[in-house]
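Asker: Here you go, structure38.cif (mmCIF, C-alpha atoms):
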data_final
#
loop_
_atom_site.label_atom_id
_atom_site.label_comp_id
_atom_site.auth_asym_id
_atom_site.auth_seq_id
_atom_site.Cartn_x
_atom_site.Cartn_y
_atom_site.Cartn_z
CA MET A 1 132.25 142.09 102.37
CA ASN A 2 128.78 143.29 103.29
CA ASN A 3 128.57 145.41 100.16
CA ILE A 4 128.39 144.26 96.57
CA SER A 5 131.83 143.81 95.02
CA MET A 6 133.20 146.71 92.99
CA LYS A 7 132.94 146.70 89.23
CA SER A 8 135.88 145.38 87.25
CA ARG A 9 137.57 147.26 84.45
CA THR A 10 135.81 145.25 81.75
CA GLY A 11 132.30 145.14 83.19
CA LEU A 12 130.18 143.98 86.11
CA PRO A 13 131.35 141.39 88.67
CA ILE A 14 130.89 137.82 87.49
CA SER A 15 128.50 137.07 90.38
CA LEU A 16 126.20 139.96 89.43
CA THR A 17 126.38 139.05 85.74
CA ILE A 18 125.35 135.46 86.56
CA PHE A 19 122.53 136.76 88.74
CA LEU A 20 121.22 138.98 85.91
CA GLY A 21 121.46 136.08 83.46
CA ILE A 22 119.52 133.71 85.72
CA ALA A 23 116.91 136.39 86.45
CA ALA A 24 116.48 137.19 82.75
CA LEU A 25 116.16 133.49 81.82
CA THR A 26 113.69 132.51 84.53
CA ILE A 27 111.55 135.62 84.10
CA SER A 28 111.44 135.01 80.34
CA ILE A 29 110.35 131.39 80.77
CA LEU A 30 107.77 132.47 83.36
CA LEU A 31 106.30 135.08 80.99
CA VAL A 32 106.27 132.67 78.04
CA SER A 33 104.58 129.96 80.12
CA ILE A 34 101.85 132.43 81.10
CA TRP A 35 101.56 133.83 77.59
CA ARG A 36 101.54 130.54 75.63
CA ARG A 37 99.78 128.18 78.06
CA ASN A 38 96.51 126.60 76.90
CA ASP A 39 93.38 125.44 78.71
CA TYR A 40 95.22 122.31 79.87
CA ASN A 41 98.01 124.35 81.49
CA VAL A 42 100.67 123.06 79.09
CA TYR A 43 102.57 124.59 76.20
CA SER A 44 104.77 123.36 73.39
CA LEU A 45 108.54 123.14 73.80
CA SER A 46 108.80 125.07 70.52
CA GLN A 47 107.45 128.14 72.33
CA LEU A 48 110.69 128.39 74.28
CA LYS A 49 112.19 130.16 71.25
CA TRP A 50 110.31 133.23 72.48
CA ALA A 51 111.97 132.77 75.88
CA ALA A 52 115.40 132.81 74.21
CA ILE A 53 114.60 136.10 72.45
CA LEU A 54 113.10 137.64 75.57
CA THR A 55 116.06 136.50 77.68
CA ALA A 56 118.49 138.31 75.39
CA VAL A 57 116.40 141.50 75.51
CA LEU A 58 115.93 141.47 79.29
CA PHE A 59 119.55 140.57 79.99
CA GLY A 60 120.84 143.32 77.69
CA ALA A 61 118.56 145.92 79.28
CA ALA A 62 119.35 144.81 82.86
CA TYR A 63 123.09 144.58 82.21
CA GLY A 64 123.21 148.04 80.65
CA LEU A 65 121.19 149.56 83.48
CA ALA A 66 123.31 147.85 86.14
CA PHE A 67 126.54 148.82 84.39
CA PHE A 68 125.77 152.52 84.33
CA GLN A 69 124.19 152.55 87.80
CA PHE A 70 126.56 150.10 89.47
CA HIS A 71 128.21 152.61 91.81
CA ARG A 72 124.82 153.70 93.15
CA ILE A 73 123.69 150.08 93.58
CA ALA A 74 126.93 149.01 95.27
CA THR A 75 126.95 151.89 97.76
CA ALA A 76 123.23 151.90 98.57
CA ILE A 77 122.49 148.18 98.89
CA SER A 78 124.36 145.68 101.03
CA LEU A 79 124.79 142.07 100.02
CA ASN A 80 122.86 140.90 103.10
CA GLU A 81 119.93 143.12 102.17
CA LEU A 82 119.97 141.77 98.62
CA LEU A 83 119.98 138.18 99.87
CA ARG A 84 117.14 138.96 102.29
CA GLN A 85 114.99 140.35 99.49
CA ALA A 86 115.84 137.33 97.34
CA ALA A 87 114.68 135.01 100.14
CA ILE A 88 111.40 136.93 100.40
CA GLY A 89 110.98 136.57 96.65
CA VAL A 90 111.51 132.80 96.85
CA VAL A 91 108.85 132.51 99.59
CA VAL A 92 106.40 134.52 97.47
CA GLY A 93 107.28 132.30 94.50
CA LEU A 94 106.52 129.16 96.52
CA VAL A 95 103.15 130.55 97.60
CA ALA A 96 102.34 131.58 94.02
CA SER A 97 103.26 128.10 92.74
CA TRP A 98 100.97 126.51 95.31
CA PHE A 99 97.90 128.53 94.28
CA TRP A 100 98.77 128.94 90.58
CA PRO A 101 100.75 125.88 89.42
CA ALA A 102 103.24 126.54 86.67
CA ALA A 103 102.35 125.73 83.08
CA VAL A 104 104.38 122.71 81.99
CA PRO A 105 106.07 122.14 78.63
CA ALA A 106 104.81 118.88 77.13
CA VAL A 107 107.74 116.70 76.03
CA PRO A 108 107.07 114.67 72.85
CA LEU A 109 107.66 110.99 73.61
CA PRO A 110 106.95 107.82 71.61
CA GLY A 111 103.33 106.75 72.01
CA ASN A 112 100.49 104.71 70.58
CA LEU A 113 96.95 105.94 69.90
CA GLN A 114 94.13 103.62 68.83
CA ILE A 115 90.58 104.69 67.96
CA GLN A 116 87.91 102.04 67.57
CA ALA A 117 84.33 102.52 66.41
CA LEU A 118 82.46 100.02 68.58
CA GLY A 119 79.35 99.69 66.42
CA GLN A 120 77.30 100.44 69.55
CA GLN A 121 74.94 103.34 69.95
CA ASN A 122 72.69 105.17 72.35
CA GLU A 123 69.06 104.01 72.31
CA ALA A 124 68.01 107.35 70.86
CA ALA A 125 70.74 107.39 68.18
CA SER A 126 69.92 106.66 64.55
CA GLY A 127 73.37 105.32 63.70
CA ALA A 128 76.79 104.34 65.02
CA ASN A 129 78.95 106.81 63.09
CA VAL A 130 82.21 108.11 64.52
CA GLU A 131 83.70 111.32 63.15
CA ILE A 132 86.88 113.01 64.38
CA ARG A 133 87.46 116.41 62.85
CA LYS A 134 90.91 117.17 64.21
CA ILE A 135 93.57 115.48 66.32
CA SER A 136 96.33 117.31 68.15
CA ASN A 137 98.76 116.85 71.00
CA LEU A 138 97.86 118.21 74.41
CA ASP A 139 100.16 121.17 73.78
CA GLY A 140 98.14 122.10 70.69
CA SER A 141 100.56 120.89 68.00
CA PRO A 142 98.65 118.99 65.27
CA ILE A 143 98.85 115.28 64.49
CA GLY A 144 98.28 114.77 60.77
CA LEU A 145 95.51 112.30 59.92
CA LYS A 146 97.64 110.88 57.10
CA ARG A 147 99.99 109.49 59.74
CA PHE A 148 97.28 107.07 60.92
CA GLN A 149 97.15 103.45 59.81
CA LEU A 150 93.52 102.76 58.89
CA SER A 151 91.88 99.34 58.78
CA GLY A 152 88.38 98.24 57.85
CA GLU A 153 86.00 101.04 56.94
CA TRP A 154 87.99 103.84 58.55
CA LYS A 155 88.75 106.56 56.01
CA ILE A 156 89.69 110.20 55.68
CA GLN A 157 86.77 112.12 54.25
CA ASN A 158 86.73 115.90 53.74
CA GLY A 159 89.73 116.18 56.03
CA HIS A 160 88.01 114.24 58.83
CA LEU A 161 88.59 110.75 60.21
CA VAL A 162 85.30 108.84 59.87
CA SER A 163 83.81 105.40 60.38
CA GLU A 164 80.23 104.14 60.09
CA GLY A 165 80.78 101.63 62.88
CA ARG A 166 79.88 98.54 60.86
CA GLN A 167 83.21 96.82 61.60
CA PRO A 168 83.79 97.03 65.38
CA GLY A 169 87.25 95.47 65.15
CA ALA A 170 88.60 98.08 62.74
CA LEU A 171 91.16 100.55 64.09
CA ALA A 172 92.58 103.94 63.29
CA GLU A 173 96.07 103.69 64.80
CA TYR A 174 98.90 106.19 65.24
CA ASN A 175 102.44 105.41 66.35
CA GLY A 176 104.68 108.40 66.88
CA PRO A 177 105.59 111.24 69.22
CA ILE A 178 102.84 112.34 71.60
CA ALA A 179 103.27 115.46 73.73
CA GLY A 180 101.44 115.15 77.04
CA GLY A 181 98.32 113.52 75.61
CA VAL A 182 95.94 114.02 72.71
CA ILE A 183 92.94 116.23 72.00
CA LEU A 184 90.26 114.79 69.72
CA GLU A 185 87.72 117.16 68.21
CA LEU A 186 84.75 114.79 68.24
CA ARG A 187 81.54 115.22 66.29
CA TYR A 188 78.39 114.72 68.38
CA ASN A 189 75.20 114.09 66.42
CA LEU A 190 71.90 112.20 66.18
CA ASP A 191 73.46 109.40 64.13
CA ALA A 192 76.67 109.12 66.17
CA GLY A 193 77.63 105.98 68.06
CA GLN A 194 80.24 105.00 70.62
CA ALA A 195 84.00 104.80 70.32
CA ARG A 196 86.91 103.53 72.37
CA VAL A 197 90.08 105.63 72.58
CA THR A 198 93.21 103.83 73.77
CA LEU A 199 96.32 105.88 74.50
CA ASN A 200 99.44 103.98 75.54
CA GLY A 201 97.31 101.09 76.77
CA SER A 202 94.82 103.18 78.78
CA SER A 203 91.29 103.06 77.32
CA SER A 204 88.31 105.38 77.56
CA GLN A 205 84.88 104.94 75.99
CA VAL A 206 82.88 107.90 74.66
CA ASP A 207 79.27 108.20 73.54
CA LEU A 208 78.94 110.69 70.69
CA TYR A 209 75.15 110.91 70.61
CA SER A 210 73.62 114.38 70.87
CA ASP A 211 70.28 115.79 69.78
CA LYS A 212 72.19 118.72 68.24
CA GLY A 213 75.07 118.44 65.81
CA VAL A 214 78.13 119.96 67.48
CA SER A 215 81.89 119.46 67.61
CA TYR A 216 83.64 119.40 70.96
CA PRO A 217 87.32 118.82 71.86
CA GLN A 218 88.07 116.18 74.47
CA ALA A 219 91.48 115.50 76.02
CA PHE A 220 92.94 112.06 76.71
CA GLY A 221 96.22 111.41 78.47
CA GLU A 222 95.87 111.04 82.23
CA ALA A 223 97.91 107.83 82.10
CA ILE A 224 100.77 109.66 80.37
CA TRP A 225 101.14 112.06 83.29
CA GLN A 226 100.72 109.30 85.88
CA ASN A 227 103.46 107.24 84.23
CA ALA A 228 105.58 110.07 82.90
CA GLY A 229 109.10 109.32 81.74
CA TRP A 230 112.13 111.02 83.22
CA GLN A 231 112.10 113.62 80.43
CA GLN A 232 108.60 114.84 81.32
CA LYS A 233 109.33 114.67 85.06
CA LEU A 234 112.45 116.77 84.53
CA ALA A 235 110.54 119.32 82.42
CA THR A 236 107.81 119.53 85.08
CA SER A 237 110.32 120.01 87.90
CA LEU A 238 112.19 122.70 85.95
CA ALA A 239 108.92 124.49 85.16
CA PHE A 240 108.10 124.81 88.88
CA ALA A 241 111.67 125.82 89.73
CA PHE A 242 111.71 128.46 87.00
CA GLN A 243 108.37 129.80 88.20
CA ILE A 244 109.63 130.18 91.78
CA ILE A 245 112.93 131.77 90.75
CA GLY A 246 111.20 133.88 88.09
CA VAL A 247 108.77 135.33 90.63
CA ALA A 248 111.69 136.02 92.99
CA GLY A 249 113.61 137.70 90.17
CA LEU A 250 110.63 139.88 89.27
CA ILE A 251 110.27 140.98 92.89
CA LEU A 252 113.98 141.83 93.07
CA LEU A 253 113.88 143.80 89.83
CA LEU A 254 110.82 145.70 91.05
CA TRP A 255 112.41 146.35 94.44
CA LEU A 256 115.86 147.50 93.30
CA PRO A 257 114.77 150.71 91.50
CA PHE A 258 113.01 151.98 94.63
CA ARG A 259 116.46 152.35 96.13
CA LEU A 260 117.64 154.40 93.15
CA LYS A 261 116.52 157.47 91.21
CA TRP A 262 112.90 158.17 90.28
CA ARG A 263 113.99 158.26 86.65
CA ILE A 264 114.86 154.56 86.81
CA ARG A 265 111.62 153.75 88.60
CA SER A 266 109.71 155.49 85.83
CA ALA A 267 111.56 153.52 83.17
CA LEU A 268 110.81 150.27 84.97
CA LEU A 269 107.17 151.22 85.36
CA ILE A 270 106.95 151.87 81.62
CA LEU A 271 108.56 148.46 80.98
CA VAL A 272 106.10 146.64 83.28
CA LEU A 273 103.11 148.44 81.78
CA GLY A 274 104.42 147.65 78.31
CA LEU A 275 104.62 143.93 79.14
CA ILE A 276 101.08 144.01 80.53
CA PHE A 277 99.85 145.73 77.38
CA LEU A 278 101.59 143.18 75.14
CA SER A 279 100.03 140.34 77.15
CA TYR A 280 96.59 141.93 76.81
CA LEU A 281 97.16 142.43 73.07
CA ARG A 282 98.11 138.79 72.71
CA ILE A 283 94.89 137.69 74.40
CA LYS A 284 92.84 139.89 72.05
CA LEU A 285 94.65 138.47 69.01
CA ASP A 286 94.01 134.92 70.24
CA TYR A 287 90.26 135.62 70.23
CA ALA A 288 90.43 136.41 66.52
CA GLN A 289 92.17 133.10 65.80
CA PHE A 290 89.97 130.94 68.05
CA ASN A 291 88.29 128.13 66.11
CA GLY A 292 87.25 125.72 68.87
CA GLY A 293 83.87 124.03 68.84
CA ARG A 294 81.01 125.03 71.08
CA ALA A 295 80.19 122.86 74.10
CA PHE A 296 77.09 120.76 73.49
CA ARG A 297 76.10 121.32 77.12
CA ASP A 298 75.20 124.96 76.41
CA THR A 299 71.50 125.48 77.13
CA SER A 300 69.19 126.87 74.44
CA THR A 301 68.57 129.92 76.66
CA TYR A 302 72.29 130.62 76.83
CA VAL A 303 72.66 130.34 73.05
CA GLN A 304 69.66 132.61 72.41
CA THR A 305 71.05 135.18 74.84
CA ALA A 306 74.51 135.06 73.29
CA MET A 307 73.02 135.77 69.85
CA GLN A 308 71.37 138.98 71.02
CA PRO A 309 72.92 142.30 69.88
CA ILE A 310 75.53 143.59 72.29
CA THR A 311 73.50 146.80 72.63
CA SER A 312 70.46 144.86 73.82
CA SER A 313 69.65 144.88 77.52
CA SER A 314 68.78 141.16 77.34
CA PHE A 315 72.39 140.45 76.40
CA TRP A 316 73.63 141.83 79.71
CA ILE A 317 70.81 140.89 82.08
#
For the file at hand, write its structure as structure tokens.
Answerer:
Amino acid sequence: MNNISMKSRTGLPISLTIFLGIAALTISILLVSIWRRNDYNVYSLSQLKWAAILTAVLFGAAYGLAFFQFHRIATAISLNELLRQAAIGVVVGLVASWFWPAAVPAVPLPGNLQIQALGQQNEAASGANVEIRKISNLDGSPIGLKRFQLSGEWKIQNGHLVSEGRQPGALAEYNGPIAGGVILELRYNLDAGQARVTLNGSSSQVDLYSDKGVSYPQAFGEAIWQNAGWQQKLATSLAFAFQIIGVAGLILLLWLPFRLKWRIRSALLILVLGLIFLSYLRIKLDYAQFNGGRAFRDTSTYVQTAMQPITSSSFWI
């Protein structure tokens, strides 16, 4: 009983098949959460389609490898040794989750968003305008401006939600699914005033005055996470569990080949390097698609330096 059970006539033992399936699933979700997470450490539930594809690929590769190398695995590795390595992997996963919390899928839940132009302005401002260029959920999925109910002078102009702030009681209101919170791409300018953003009853006031015209995304939604429903709590708990088990699975899959032939270790090394390369490629592709606004807190010296040619010594020093 100390050794892994022998292979059946039709395939691997059910226990080993289940283990490979769980390892493939958790590793896939772990990789997708790292790959698709955003600056707020969340990602859309729709991204889990990539986890389904990756799970099938990893499970097929692991099952085929284990099937053809089962005799070597069963005779070289005892069940106790396998469980000991799995326990080490879980401990490493717990430590990793403590220092690098898992990215969490944001669950869309019914919510209410109200935006009010207060008609108030900074002493240096020349107006009380409020302009919102884009609205999205915290996971990055867009919220269409046409889904807002507009009152007073609020209007959609050139694809932006705008108000001149002359009717402080007027609202731009959205009722619908909200995933984790909202991100408003706000326009800061000399003629910008103040606005109140209320999300599910929790209000925040923002001053949009700036001596330079810039757009800057700002996230709202702390109350959503503090008062999360059972769906979001379940998704958060599963995300941490999958991260721990996924790290443990990765460690096991990296450890197993070192007990087998060098040929298998080489194949695994190529697989790991390939995944690293694909992750790096994804990051480079994301740069090309990045359309976020610049932070208005950038100093003029920083901006001047950033505009220097890359071959200039002043760019690097």
Asker: For stretch 47-59 of chain A, find every residue with an atom within 8 Å (counting all atoms listed in the file), except residues of its own chain fewer than 5 positions away, and show them as a ChimeraX atom specification.
Answerer: /A:20-21,24-25,27-29,31-32,36
Asker: State, in Å with one decimal place, the distance from atom CA of A:Glu185 to atom CA of A:Ser33.
Answerer: 24.3 Å
Asker: When you count all atoms listed in the file, which of these residues is closest to A:Ser44: A:Gly180, A:Gly119, A:Gly169, A:Gly93?
Answerer: A:Gly180
Asker: When you draw a straight line from atom CA of A:Asn38 to atom CA of A:Ala239, how long is it in Å?
Answerer: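 It comes out at 15.1 Å.
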Asker: Given the point (107.7, 119.7, 77.2) in the coordinates of this file, which residues lie within 6 Å, counting all atoms listed in the file, and how would they look as a PDB file with C-alpha atoms, in the coordinates of the input?
Answerer:
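Wrote it out as out17.pdb, contents follow:
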ATOM      1  CA  LEU A  45     108.540 123.140  73.800  1.00  0.00           C
ATOM      2  CA  PRO A 105     106.070 122.140  78.630  1.00  0.00           C
ATOM      3  CA  ALA A 106     104.810 118.880  77.130  1.00  0.00           C
ATOM      4  CA  VAL A 107     107.740 116.700  76.030  1.00  0.00           C
ATOM      5  CA  ALA A 235     110.540 119.320  82.420  1.00  0.00           C
TER       6      ALA A 235
END
Asker: What separation in Å, quoted to one decimal, exists between atom CA of A:Ser163 and atom CA of A:Ile135?
Answerer: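 Interatomic distance here is 15.2 Å.
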Asker: Name the residues that the PyMOL selection byres ((chain A and resi 126) around 6) picks from the file above, as a list in words, using the file's chain letters and numbers.
Answerer: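 Applying the expression gives Ala125, Gly127 and Asp191 of chain A.
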Asker: If we count all atoms listed in the file and set the cut-off at 7 Å, which residues sit around A:Ser210, ignoring sequence neighbours fewer than 4 positions away in its own chain? Please answer as a list of chain:residue names.
Answerer: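 So the residues in contact are A:Tyr188, A:Asn189, A:Leu190.
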Asker: Restricting the calculation to only C-alpha atoms: of A:Ser215, A:Thr17, A:Gln231, A:Gln194, which residue gets closest to A:Gln116?
Answerer: A:Gln194
Asker: List the residues selected by the PyMOL selection byres ((chain A and resi 117) around 8) in the file shown, writing them as an MDAnalysis selection string.
Answerer: chainID A and resid 115:116 118:120 128:130 163:165 167:171 193:196
Asker: Counting only C-alpha atoms, find the residues whose atoms lie at most 12 Å from (87.7, 121.0, 61.9) (file coordinates) and write them out as a list in words.
Answerer: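 Applying the cut-off with only C-alpha atoms, one gets Glu131, Ile132, Arg133, Lys134, Ile135, Ser136, Pro142, Leu145, Gln157, Asn158, Gly159, His160, Leu161, Leu184, Glu185, Leu186, Arg187, Val214, Ser215, Tyr216, Pro217, Phe290, Asn291, Gly292 and Gly293 of chain A.
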Asker: Considering all atoms listed in the file, return as number ranges by chain whatever protein or nucleic-acid residues lie within 9 Å of A:Ala96, sequence-local ones (same chain, fewer than 4 positions apart) excluded.
Answerer: A: 91-92, 100-102, 243-244, 247
Asker: Here is a test: counting only C-alpha atoms, which residue of A:Leu82, A:Leu150, A:Val42, A:Val162 is nearest to A:Ala103?
Answerer: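 Going through A:Leu82, A:Leu150, A:Val42, A:Val162 one by one, the smallest distance to A:Ala103 is for A:Val42.
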Asker: Go through A:Ala61, A:Leu254, A:Ala172, A:Ile245 and flag the residue nearest A:Leu94, using all atoms listed in the file for the distances.
Answerer: A:Ile245
Asker: Please evaluate the PyMOL selection byres ((chain A and resi 202) around 12) against the structure above and give the resulting residues as a list in words.
Answerer: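 Applied to this file, the PyMOL selection byres ((chain A and resi 202) around 12) returns Gly111, Asn112, Leu113, Gln114, Ile115, Gly181, Arg196, Val197, Thr198, Leu199, Asn200, Gly201, Ser203, Ser204, Gln205, Phe220, Gly221, Glu222, Ala223, Ile224, Trp225, Gln226 and Asn227 of chain A.
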Asker: Return the single residue from A:Tyr63, A:Gly229, A:Arg166, A:Arg37 that is closest to A:Trp154, with distances computed using only C-alpha atoms.
Answerer: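 Looking at the shortest contact to A:Trp154, the residue is A:Arg166.
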Asker: So which one's closest to A:Glu123, A:Ala192, A:Ile34, A:Leu250, A:Leu138? Using only C-alpha atoms, please.
Answerer: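 Of the candidates, the smallest distance to A:Glu123 is held by A:Ala192.
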